[in-house]
>>> print(open('protein15.cif').read())   # mmCIF, C-alpha atoms
data_start
#
loop_
_atom_site.label_atom_id
_atom_site.label_comp_id
_atom_site.auth_asym_id
_atom_site.auth_seq_id
_atom_site.Cartn_x
_atom_site.Cartn_y
_atom_site.Cartn_z
CA MET A 4 48.03 15.79 -63.40
CA THR A 5 46.36 12.50 -62.75
CA ALA A 6 43.03 12.32 -61.00
CA THR A 7 42.85 10.44 -57.71
CA THR A 8 39.82 8.96 -55.93
CA SER A 9 39.44 8.93 -52.19
CA THR A 10 38.19 5.86 -50.27
CA GLU A 11 37.12 7.87 -47.22
CA PRO A 12 33.35 8.12 -46.65
CA LYS A 13 31.88 11.39 -47.72
CA VAL A 14 30.32 13.34 -44.88
CA PRO A 15 27.22 15.16 -46.04
CA ALA A 16 27.38 18.90 -45.63
CA PRO A 17 25.18 20.27 -42.90
CA ARG A 18 21.83 21.50 -44.11
CA GLY A 19 21.12 23.97 -41.35
CA GLY A 20 18.07 23.90 -39.17
CA SER A 21 16.02 21.59 -41.42
CA ALA A 22 18.35 18.64 -40.75
CA GLY A 23 18.15 19.19 -36.99
CA ALA A 24 14.37 19.41 -37.17
CA ALA A 25 14.21 16.17 -39.17
CA ASP A 26 16.41 14.40 -36.64
CA GLY A 27 14.18 15.66 -33.85
CA ARG A 28 11.07 14.34 -35.63
CA GLU A 29 12.75 10.97 -36.13
CA ARG A 30 13.64 10.75 -32.44
CA VAL A 31 10.08 11.61 -31.41
CA SER A 32 8.70 9.06 -33.88
CA ALA A 33 11.04 6.38 -32.53
CA PHE A 34 10.07 7.30 -28.96
CA TRP A 35 6.33 6.90 -29.62
CA SER A 36 6.83 3.73 -31.65
CA LEU A 37 8.81 2.10 -28.86
CA SER A 38 6.32 3.24 -26.22
CA ARG A 39 3.41 1.86 -28.24
CA ALA A 40 5.22 -1.46 -28.75
CA MET A 41 5.85 -1.77 -25.00
CA LEU A 42 2.23 -1.00 -24.15
CA LEU A 43 0.95 -3.53 -26.69
CA GLY A 44 3.40 -6.11 -25.36
CA MET A 45 2.14 -5.62 -21.82
CA LYS A 46 -1.46 -5.82 -23.03
CA ARG A 47 -0.80 -9.14 -24.74
CA ASP A 48 0.99 -10.54 -21.66
CA ARG A 49 -2.11 -11.26 -19.56
CA THR A 50 -0.09 -12.73 -16.71
CA ALA A 51 1.94 -9.55 -16.32
CA THR A 52 -1.21 -7.43 -16.57
CA PHE A 53 -2.87 -9.46 -13.82
CA PHE A 54 0.04 -9.25 -11.38
CA ILE A 55 0.77 -5.57 -12.04
CA LEU A 56 -2.77 -4.17 -12.18
CA LEU A 57 -5.30 -6.66 -10.81
CA PHE A 58 -3.41 -8.57 -8.12
CA PRO A 59 -2.84 -5.49 -5.89
CA LEU A 60 -6.51 -4.57 -6.40
CA VAL A 61 -7.50 -8.00 -5.06
CA PHE A 62 -5.70 -7.12 -1.82
CA LEU A 63 -7.54 -3.80 -1.59
CA VAL A 64 -10.92 -5.47 -2.11
CA PHE A 65 -10.11 -8.21 0.41
CA PHE A 66 -8.82 -5.95 3.19
CA GLY A 67 -11.47 -3.34 2.44
CA SER A 68 -14.23 -5.94 2.76
CA VAL A 69 -12.79 -7.41 5.96
CA THR A 70 -12.40 -4.04 7.69
CA LYS A 71 -15.53 -2.38 6.33
CA GLY A 72 -17.61 -1.16 9.26
CA SER A 73 -15.03 -2.37 11.80
CA ASN A 74 -14.36 1.06 13.27
CA THR A 75 -16.59 0.26 16.29
CA PRO A 76 -15.50 -2.54 18.69
CA HIS A 77 -18.06 -5.33 19.10
CA ALA A 78 -17.98 -8.36 21.34
CA LYS A 79 -20.14 -11.44 21.99
CA VAL A 80 -20.95 -11.74 25.69
CA ALA A 81 -22.84 -14.48 27.55
CA GLN A 82 -24.94 -13.31 30.52
CA VAL A 83 -25.46 -16.10 33.06
CA GLY A 84 -28.62 -15.62 35.10
CA ALA A 85 -29.88 -12.21 36.14
CA VAL A 86 -27.51 -9.26 35.97
CA LYS A 87 -29.37 -6.27 37.37
CA LEU A 88 -26.81 -3.83 35.99
CA PHE A 89 -27.70 -4.77 32.40
CA ASP A 90 -31.33 -5.83 32.88
CA SER A 91 -32.30 -2.41 34.26
CA MET A 92 -30.84 -0.47 31.34
CA GLN A 93 -33.46 1.07 29.03
CA GLY A 94 -33.83 3.64 26.30
CA GLU A 95 -30.75 5.23 24.76
CA ALA A 96 -28.42 3.58 27.29
CA ARG A 97 -29.59 0.12 26.25
CA THR A 98 -29.40 1.01 22.55
CA GLY A 99 -25.82 2.22 22.96
CA LEU A 100 -24.88 -0.97 24.82
CA ASP A 101 -26.37 -3.18 22.10
CA LYS A 102 -24.22 -1.41 19.49
CA VAL A 103 -21.01 -2.65 21.11
CA LEU A 104 -22.11 -5.87 22.83
CA THR A 105 -24.16 -8.82 21.64
CA ILE A 106 -25.52 -10.24 24.91
CA THR A 107 -26.82 -13.82 24.99
CA ARG A 108 -28.61 -15.15 28.12
CA THR A 109 -27.63 -18.58 29.45
CA ASP A 110 -28.13 -20.54 32.68
CA ASP A 111 -25.21 -23.01 32.77
CA ALA A 112 -22.12 -21.16 34.03
CA ALA A 113 -19.71 -24.10 33.58
CA ALA A 114 -20.77 -24.79 29.99
CA THR A 115 -20.69 -21.08 29.16
CA LEU A 116 -17.20 -20.69 30.60
CA ASP A 117 -16.06 -23.59 28.44
CA LYS A 118 -17.48 -21.82 25.38
CA VAL A 119 -15.51 -18.69 26.29
CA ARG A 120 -12.33 -20.79 26.39
CA LYS A 121 -13.16 -22.20 22.95
CA GLY A 122 -13.83 -18.75 21.51
CA ASP A 123 -17.60 -19.08 21.01
CA TYR A 124 -18.04 -16.10 23.34
CA ASP A 125 -15.63 -13.26 24.09
CA ALA A 126 -16.65 -13.10 27.75
CA MET A 127 -19.08 -14.29 30.42
CA ILE A 128 -20.78 -11.91 32.88
CA THR A 129 -22.41 -12.95 36.16
CA GLN A 130 -23.69 -11.08 39.23
CA GLY A 131 -23.47 -12.47 42.75
CA PRO A 132 -25.97 -12.01 45.61
CA ASP A 133 -23.84 -9.17 46.99
CA GLY A 134 -24.14 -7.28 43.72
CA ARG A 135 -20.55 -7.92 42.62
CA ILE A 136 -20.16 -8.11 38.83
CA GLU A 137 -17.80 -10.84 37.62
CA LEU A 138 -16.34 -10.64 34.12
CA ARG A 139 -14.55 -13.70 32.74
CA TYR A 140 -12.99 -12.99 29.34
CA SER A 141 -10.68 -14.53 26.74
CA ALA A 142 -7.34 -12.84 26.10
CA ALA A 143 -6.90 -14.45 22.68
CA ASP A 144 -7.78 -11.09 21.11
CA GLN A 145 -6.19 -8.54 23.44
CA VAL A 146 -7.61 -5.54 21.59
CA ARG A 147 -11.15 -6.86 21.89
CA ALA A 148 -10.56 -7.90 25.52
CA GLY A 149 -9.31 -4.42 26.40
CA ALA A 150 -12.29 -2.78 24.70
CA LEU A 151 -14.66 -5.14 26.52
CA GLN A 152 -13.19 -4.33 29.93
CA GLY A 153 -13.43 -0.61 29.17
CA ILE A 154 -17.11 -0.93 28.21
CA VAL A 155 -18.05 -2.85 31.38
CA ASP A 156 -16.05 -0.46 33.60
CA SER A 157 -17.85 2.48 32.03
CA VAL A 158 -21.27 0.93 32.65
CA VAL A 159 -20.37 0.14 36.27
CA GLN A 160 -19.09 3.67 36.91
CA GLU A 161 -22.24 5.23 35.50
CA ALA A 162 -24.38 2.93 37.65
CA ASN A 163 -22.37 3.79 40.79
CA GLN A 164 -22.68 7.48 40.03
CA ALA A 165 -26.45 7.18 39.57
CA ALA A 166 -26.75 5.25 42.84
CA SER A 167 -24.78 7.87 44.81
CA GLU A 168 -26.69 10.75 43.17
CA LYS A 169 -23.47 12.80 43.15
CA PRO A 170 -21.92 14.39 40.06
CA PRO A 171 -18.42 13.18 39.12
CA ALA A 172 -15.51 15.16 40.60
CA PHE A 173 -13.56 15.06 37.32
CA VAL A 174 -14.78 14.87 33.73
CA VAL A 175 -12.70 13.93 30.69
CA GLU A 176 -13.70 15.34 27.31
CA ALA A 177 -11.98 13.38 24.53
CA GLN A 178 -12.19 14.12 20.81
CA GLN A 179 -10.33 12.57 17.94
CA VAL A 180 -8.38 14.95 15.71
CA GLU A 181 -9.43 13.29 12.44
CA ASP A 182 -12.83 13.28 10.81
CA LYS A 183 -15.22 11.11 12.86
CA SER A 184 -16.04 9.18 9.69
CA LEU A 185 -12.43 7.89 9.60
CA LYS A 186 -12.32 4.22 8.66
CA PRO A 187 -9.62 1.58 8.24
CA ILE A 188 -9.76 2.09 4.46
CA GLN A 189 -8.18 5.53 5.05
CA PHE A 190 -4.98 3.76 6.15
CA LEU A 191 -5.21 0.70 3.91
CA THR A 192 -5.50 2.48 0.56
CA PRO A 193 -2.24 4.53 0.70
CA GLY A 194 -0.28 1.54 2.00
CA LEU A 195 -1.54 -0.94 -0.59
CA LEU A 196 -1.20 1.66 -3.34
CA GLY A 197 2.45 2.20 -2.40
CA TRP A 198 3.05 -1.55 -2.46
CA ALA A 199 1.39 -1.83 -5.89
CA ILE A 200 3.50 1.01 -7.33
CA ALA A 201 6.72 -0.49 -5.96
CA THR A 202 5.92 -3.99 -7.19
CA GLY A 203 4.93 -2.89 -10.70
CA ALA A 204 7.95 -0.61 -11.20
CA VAL A 205 10.59 -3.00 -9.81
CA PHE A 206 9.38 -6.14 -11.55
CA GLY A 207 8.49 -4.34 -14.79
CA ALA A 208 11.96 -2.81 -15.17
CA ALA A 209 13.93 -5.88 -14.03
CA LEU A 210 12.12 -8.51 -16.08
CA THR A 211 11.89 -6.32 -19.20
CA LEU A 212 15.63 -5.63 -19.14
CA VAL A 213 16.59 -9.30 -18.74
CA ASN A 214 14.05 -10.46 -21.32
CA TRP A 215 15.26 -7.93 -23.87
CA ARG A 216 18.87 -8.92 -23.31
CA LYS A 217 18.06 -12.63 -23.55
CA SER A 218 15.97 -12.25 -26.74
CA LYS A 219 18.62 -10.00 -28.37
CA VAL A 220 16.25 -7.02 -28.47
CA LEU A 221 18.87 -4.86 -26.73
CA ARG A 222 21.44 -5.89 -29.34
CA ARG A 223 19.13 -4.88 -32.20
CA LEU A 224 18.31 -1.60 -30.48
CA ARG A 225 22.02 -0.91 -30.02
CA LEU A 226 22.66 -1.39 -33.75
CA ALA A 227 19.57 0.60 -34.74
CA PRO A 228 19.74 4.39 -35.18
CA ILE A 229 18.03 4.87 -31.82
CA SER A 230 19.72 6.46 -28.85
CA ALA A 231 19.79 4.82 -25.43
CA GLY A 232 17.94 7.87 -24.08
CA THR A 233 15.01 7.18 -26.41
CA VAL A 234 14.78 3.56 -25.21
CA VAL A 235 14.96 4.54 -21.52
CA SER A 236 12.49 7.43 -21.83
CA SER A 237 9.93 5.23 -23.59
CA ARG A 238 10.25 2.65 -20.78
CA ILE A 239 9.77 5.44 -18.23
CA LEU A 240 6.63 6.64 -20.02
CA VAL A 241 5.11 3.15 -19.99
CA SER A 242 5.92 2.72 -16.30
CA LEU A 243 4.39 6.11 -15.45
CA LEU A 244 1.21 5.34 -17.39
CA THR A 245 0.94 2.01 -15.59
CA ALA A 246 1.44 3.67 -12.21
CA PHE A 247 -1.18 6.36 -12.93
CA LEU A 248 -3.62 3.66 -14.05
CA GLN A 249 -3.00 1.75 -10.80
CA THR A 250 -3.56 4.93 -8.78
CA THR A 251 -6.79 5.75 -10.61
CA VAL A 252 -8.22 2.26 -10.18
CA PHE A 253 -7.30 2.17 -6.48
CA LEU A 254 -8.87 5.53 -5.70
CA VAL A 255 -12.04 4.83 -7.72
CA VAL A 256 -12.61 1.45 -6.05
CA ALA A 257 -11.77 2.69 -2.54
CA THR A 258 -13.99 5.79 -2.78
CA SER A 259 -16.89 4.10 -4.59
CA PHE A 260 -17.16 0.86 -2.63
CA PHE A 261 -15.36 1.28 0.71
CA GLY A 262 -16.02 4.91 1.65
CA LEU A 263 -12.54 6.39 1.27
CA LYS A 264 -12.64 10.13 2.08
CA LEU A 265 -10.08 12.18 0.14
CA THR A 266 -8.67 15.48 1.39
CA GLY A 267 -8.49 18.64 -0.70
CA ASN A 268 -4.83 18.05 -1.66
CA TRP A 269 -5.30 14.44 -2.76
CA TRP A 270 -4.03 15.34 -6.28
CA LEU A 271 -0.50 15.62 -4.82
CA VAL A 272 -0.41 11.84 -4.87
CA LEU A 273 0.07 12.00 -8.68
CA PRO A 274 3.49 13.74 -8.71
CA LEU A 275 4.38 11.67 -5.65
CA VAL A 276 3.58 8.47 -7.55
CA ALA A 277 5.60 9.71 -10.54
CA CYS A 278 8.70 10.27 -8.38
CA ALA A 279 8.19 6.94 -6.62
CA THR A 280 7.90 5.13 -9.95
CA LEU A 281 11.30 6.48 -11.02
CA ALA A 282 12.80 5.44 -7.67
CA PHE A 283 11.50 1.87 -7.83
CA MET A 284 12.31 1.60 -11.53
CA SER A 285 15.94 2.29 -10.59
CA ILE A 286 15.80 -0.71 -8.24
CA GLY A 287 14.46 -2.83 -11.09
CA LEU A 288 17.15 -1.57 -13.47
CA LEU A 289 19.82 -2.50 -10.95
CA ALA A 290 18.33 -5.97 -10.48
CA GLY A 291 18.02 -6.43 -14.25
CA SER A 292 21.61 -5.30 -14.79
CA VAL A 293 22.95 -7.86 -12.32
CA ALA A 294 20.69 -10.82 -13.17
CA LYS A 295 21.41 -13.05 -16.16
CA THR A 296 18.06 -14.89 -16.30
CA GLU A 297 14.43 -13.97 -15.72
CA GLU A 298 14.34 -16.37 -12.77
CA ALA A 299 17.27 -14.59 -11.15
CA ALA A 300 15.71 -11.18 -11.82
CA ASN A 301 12.44 -12.35 -10.28
CA GLY A 302 14.24 -13.74 -7.23
CA ILE A 303 16.29 -10.57 -6.66
CA SER A 304 13.17 -8.42 -7.03
CA GLN A 305 11.24 -10.60 -4.56
CA ILE A 306 14.05 -10.37 -2.00
CA ILE A 307 13.93 -6.57 -2.26
CA VAL A 308 10.18 -5.92 -2.55
CA LEU A 309 8.70 -8.38 -0.04
CA PRO A 310 10.67 -7.32 3.07
CA MET A 311 10.29 -3.67 2.07
CA SER A 312 6.51 -4.11 1.78
CA PHE A 313 6.12 -5.58 5.27
CA LEU A 314 8.63 -3.26 6.96
CA SER A 315 7.41 -0.02 5.40
CA GLY A 316 3.87 0.04 6.79
CA SER A 317 2.08 -1.03 3.61
CA PHE A 318 0.05 -3.73 5.34
CA PHE A 319 0.18 -2.73 9.02
CA PRO A 320 1.60 0.21 11.02
CA MET A 321 5.14 -0.05 12.38
CA ASP A 322 4.45 2.04 15.51
CA GLY A 323 4.56 -0.99 17.81
CA ALA A 324 7.70 -2.51 16.25
CA PRO A 325 11.06 -2.50 18.07
CA GLY A 326 13.15 0.64 17.65
CA TRP A 327 15.81 -1.04 15.53
CA LEU A 328 13.15 -2.36 13.15
CA GLN A 329 11.64 1.11 12.80
CA THR A 330 15.12 2.41 11.95
CA VAL A 331 15.44 -0.23 9.21
CA SER A 332 12.01 0.79 7.93
CA LYS A 333 13.10 4.42 7.58
CA VAL A 334 15.94 3.42 5.26
CA MET A 335 13.46 2.08 2.70
CA PRO A 336 11.93 4.40 0.08
CA LEU A 337 8.54 2.67 0.33
CA HIS A 338 8.22 3.89 3.95
CA TYR A 339 8.25 7.52 2.78
CA LEU A 340 5.91 6.86 -0.13
CA VAL A 341 3.32 5.25 2.14
CA GLU A 342 3.69 7.87 4.88
CA THR A 343 3.38 10.82 2.49
CA ALA A 344 0.55 9.21 0.50
CA GLN A 345 -1.41 8.85 3.76
CA SER A 346 -0.70 12.50 4.53
CA VAL A 347 -1.91 13.96 1.23
CA LEU A 348 -4.77 11.52 0.64
CA THR A 349 -6.44 11.28 4.05
CA ARG A 350 -4.75 13.55 6.62
CA GLY A 351 -4.89 16.93 4.93
CA GLY A 352 -1.19 17.14 4.06
CA GLY A 353 -0.07 19.83 1.60
CA VAL A 354 2.71 20.64 -0.82
CA MET A 355 5.33 21.11 1.91
CA ASP A 356 4.59 17.60 3.20
CA ALA A 357 5.07 16.06 -0.23
CA LEU A 358 8.07 18.00 -1.57
CA PRO A 359 10.77 16.53 0.75
CA THR A 360 9.64 13.00 -0.06
CA MET A 361 9.55 13.66 -3.80
CA GLY A 362 13.04 15.18 -3.68
CA GLY A 363 14.38 12.23 -1.69
CA LEU A 364 12.83 9.72 -4.10
CA LEU A 365 14.35 11.49 -7.12
CA LEU A 366 17.77 11.57 -5.45
CA PHE A 367 17.46 7.86 -4.66
CA ALA A 368 16.51 7.20 -8.30
CA ALA A 369 19.52 9.16 -9.58
CA VAL A 370 22.01 7.29 -7.38
CA LEU A 371 20.70 3.80 -8.17
CA THR A 372 20.32 4.55 -11.87
CA GLY A 373 23.98 5.64 -11.93
CA ILE A 374 25.02 2.35 -10.33
CA ALA A 375 22.81 0.37 -12.74
CA TRP A 376 24.37 2.27 -15.66
CA LYS A 377 27.84 1.17 -14.56
CA LEU A 378 26.72 -2.48 -14.35
CA PHE A 379 24.56 -2.42 -17.51
CA ARG A 380 25.31 -4.94 -20.28
CA TRP A 381 23.83 -4.89 -23.78
CA GLU A 382 24.43 -8.64 -24.21
CA ASP A 383 25.12 -11.64 -22.02
CA ALA A 384 28.80 -12.17 -21.39
#
>>> encode(input="protein15.cif", output="structure tokens")
Amino acid sequence: MTATTSTEPKVPAPRGGSAGAADGRERVSAFWSLSRAMLLGMKRDRTATFFILLFPLVFLVFFGSVTKGSNTPHAKVAQVGAVKLFDSMQGEARTGLDKVLTITRTDDAAATLDKVRKGDYDAMITQGPDGRIELRYSAADQVRAGALQGIVDSVVQEANQAASEKPPAFVVEAQQVEDKSLKPIQFLTPGLLGWAIATGAVFGAALTLVNWRKSKVLRRLRLAPISAGTVVSSRILVSLLTAFLQTTVFLVVATSFFGLKLTGNWWLVLPLVACATLAFMSIGLLAGSVAKTEEAANGISQIIVLPMSFLSGSFFPMDGAPGWLQTVSKVMPLHYLVETAQSVLTRGGGVMDALPTMGGLLLFAAVLTGIAWKLFRWEDA
């Protein structure tokens, strides 16, 4: 018999559990190596670090500074001549009035009225010989004008009641349902945090995917003994760490410098942010799968993120928007992130308030990731 040699590759015999354990250690090692490389790359890219971490914080500091202490309406009023209604007020009544009105005395009614038109004063108050109070105000700021009219009406009613020496027939007792220390920062922080999470996750995933494809990193990873799951999971870890860092910085700054009051279940924002990060990453993956250049990926991400930010209540409430616009808002995942973040951070919301949103965000992430997977390309065509 003649000996024959086979040209087929020899498959090593399985070595039992030790081989599986070794493969597992290699996968874990590859996972941590990739994650570390991504974190170091983001650290070196100062522009990306600024726009992902610091730029949203600039908005928080700006809006927080502008609205700090603005929970009480205040108006500048010019008093022309003697106004007995105001001049006779003393003690606590006068102190309360000075907290909401800055009253400046003048003598020239025509010149003062012109200053009201120009915006130097919010209103002008005069009193005629018959005792009639005349209020001339600017409607440029309708909120301030409405508050001003309410203040003057209240003062007049109290004066009339004191003059008649009769108790009021009806009394209204009004109390707000939230903590009386509630400030605009309670609404600003969840909204701006949601916008920051969405922006970082969408742009991070989209630009990274296009950049890796363009620089042939995806091609090298495809040829390397690393599974696609390891690459994706390492990217998810980096995005989650970035999102948690954003959340920590936002809450520390808002509570330390702008008086944010957190509720007992504020920690629920962490799993909420994790689910939201996966949802917005899926948007970035879809944009990165479709785009061929970084410019295109940036443009697609901007078209998605900017309208969603303004229509989801991140910067201002949508309660006064037309019905159709509110319906559009409720289609966007950022709407639910902002709404639920407000609930758990500042309105006492609990687990049952957060769970439906987290489930919806994860379902959204699964659907869009599936679509992105179908459109994914390792290399440019």
>>> closest_residue(input="protein15.cif", among="A:Arg350, A:Arg216, A:Lys79, A:Lys333", to="Lys295 in chain A", atoms="only C-alpha atoms")
A:Arg216
>>> atom_distance(input="protein15.cif", atom1="CA of Phe190 in chain A", atom2="CA of Asp101 in chain A")
27.6 Å
>>> resolve_selection(input="protein15.cif", expression="the PyMOL selection byres ((chain A and resi 273-283) around 8)", output="list of chain:residue names")
A:Ile200, A:Ala201, A:Ala204, A:Val205, A:Ile239, A:Ser242, A:Leu243, A:Ala246, A:Phe247, A:Thr250, A:Trp270, A:Leu271, A:Val272, A:Met284, A:Ser285, A:Ile286, A:Gly287, A:Pro336, A:Leu340, A:Ala344, A:Ala357, A:Thr360, A:Met361, A:Leu364, A:Leu365, A:Phe367, A:Ala368, A:Ala369
>>> closest_residue(input="protein15.cif", among="A:Ala150, A:Val293, A:Val80, A:Leu138", to="Lys118 in chain A", atoms="all atoms listed in the file")
A:Val80
>>> atom_distance(input="protein15.cif", atom1="CA of Asp110 in chain A", atom2="CA of Val155 in chain A")
20.4 Å
>>> atom_distance(input="protein15.cif", atom1="CA of Leu289 in chain A", atom2="CA of Asn301 in chain A")
12.3 Å
>>> resolve_selection(input="protein15.cif", expression="the PyMOL selection byres ((chain A and resi 253-263) around 12)", output="PyMOL selection string")
chain A and resi 56-73+182+184-200+246-252+264-266+269-270+272-273+344-345+348-350
>>> residues_around(input="protein15.cif", residues="Tyr140 in chain A", least_positions_apart="4", cutoff="10 Å", atoms="only C-alpha atoms", output="ChimeraX atom specification")
/A:80,116,119-120,122,124-128,144,147-149,151-152
>>> write_last_selection(input="protein15.cif", atoms="C-alpha atoms", output="compact mmCIF listing (two decimals), in the coordinates of the input")
# COMPACT_ATOMS: atom_id res chain seq x y z
CA VAL A 80 -20.95 -11.74 25.69
CA LEU A 116 -17.20 -20.69 30.60
CA VAL A 119 -15.51 -18.69 26.29
CA ARG A 120 -12.33 -20.79 26.39
CA GLY A 122 -13.83 -18.75 21.51
CA TYR A 124 -18.04 -16.10 23.34
CA ASP A 125 -15.63 -13.26 24.09
CA ALA A 126 -16.65 -13.10 27.75
CA MET A 127 -19.08 -14.29 30.42
CA ILE A 128 -20.78 -11.91 32.88
CA ASP A 144 -7.78 -11.09 21.11
CA ARG A 147 -11.15 -6.86 21.89
CA ALA A 148 -10.56 -7.90 25.52
CA GLY A 149 -9.31 -4.42 26.40
CA LEU A 151 -14.66 -5.14 26.52
CA GLN A 152 -13.19 -4.33 29.93
>>> residues_around(input="protein15.cif", residues="Gln82 in chain A", least_positions_apart="2", cutoff="8 Å", atoms="only C-alpha atoms", output="PDB file with C-alpha atoms, in the coordinates of the input")
ATOM      1  CA  VAL A  80     -20.950 -11.740  25.690  1.00  0.00           C
ATOM      2  CA  GLY A  84     -28.620 -15.620  35.100  1.00  0.00           C
ATOM      3  CA  ALA A  85     -29.880 -12.210  36.140  1.00  0.00           C
ATOM      4  CA  VAL A  86     -27.510  -9.260  35.970  1.00  0.00           C
ATOM      5  CA  ILE A 106     -25.520 -10.240  24.910  1.00  0.00           C
ATOM      6  CA  THR A 107     -26.820 -13.820  24.990  1.00  0.00           C
ATOM      7  CA  ARG A 108     -28.610 -15.150  28.120  1.00  0.00           C
ATOM      8  CA  THR A 109     -27.630 -18.580  29.450  1.00  0.00           C
ATOM      9  CA  MET A 127     -19.080 -14.290  30.420  1.00  0.00           C
ATOM     10  CA  ILE A 128     -20.780 -11.910  32.880  1.00  0.00           C
ATOM     11  CA  THR A 129     -22.410 -12.950  36.160  1.00  0.00           C
TER      12      THR A 129
END
>>> closest_residue(input="protein15.cif", among="A:Thr330, A:Asn268, A:Ser218, A:Ser230", to="Thr296 in chain A", atoms="only C-alpha atoms")
A:Ser218
>>> residues_around(input="protein15.cif", residues="Val158 in chain A", least_positions_apart="2", cutoff="12 Å", atoms="only C-alpha atoms", output="count of residues only")
23
>>> closest_residue(input="protein15.cif", among="A:Arg28, A:Gly326, A:Gly267, A:Ile229", to="Gly352 in chain A", atoms="all atoms listed in the file")
A:Gly267
>>> resolve_selection(input="protein15.cif", expression="the PyMOL selection byres ((chain A and resi 291) around 6)", output="PyMOL selection string")
chain A and resi 209+212-213+287-290+292-294+300
>>> closest_residue(input="protein15.cif", among="A:Ala81, A:Val331, A:Ala299, A:Leu314", to="Arg139 in chain A", atoms="all atoms listed in the file")
A:Ala81
>>> residues_around(input="protein15.cif", residues="Met311 in chain A", least_positions_apart="6", cutoff="8 Å", atoms="only C-alpha atoms", output="PyMOL selection string")
chain A and resi 332+335+337
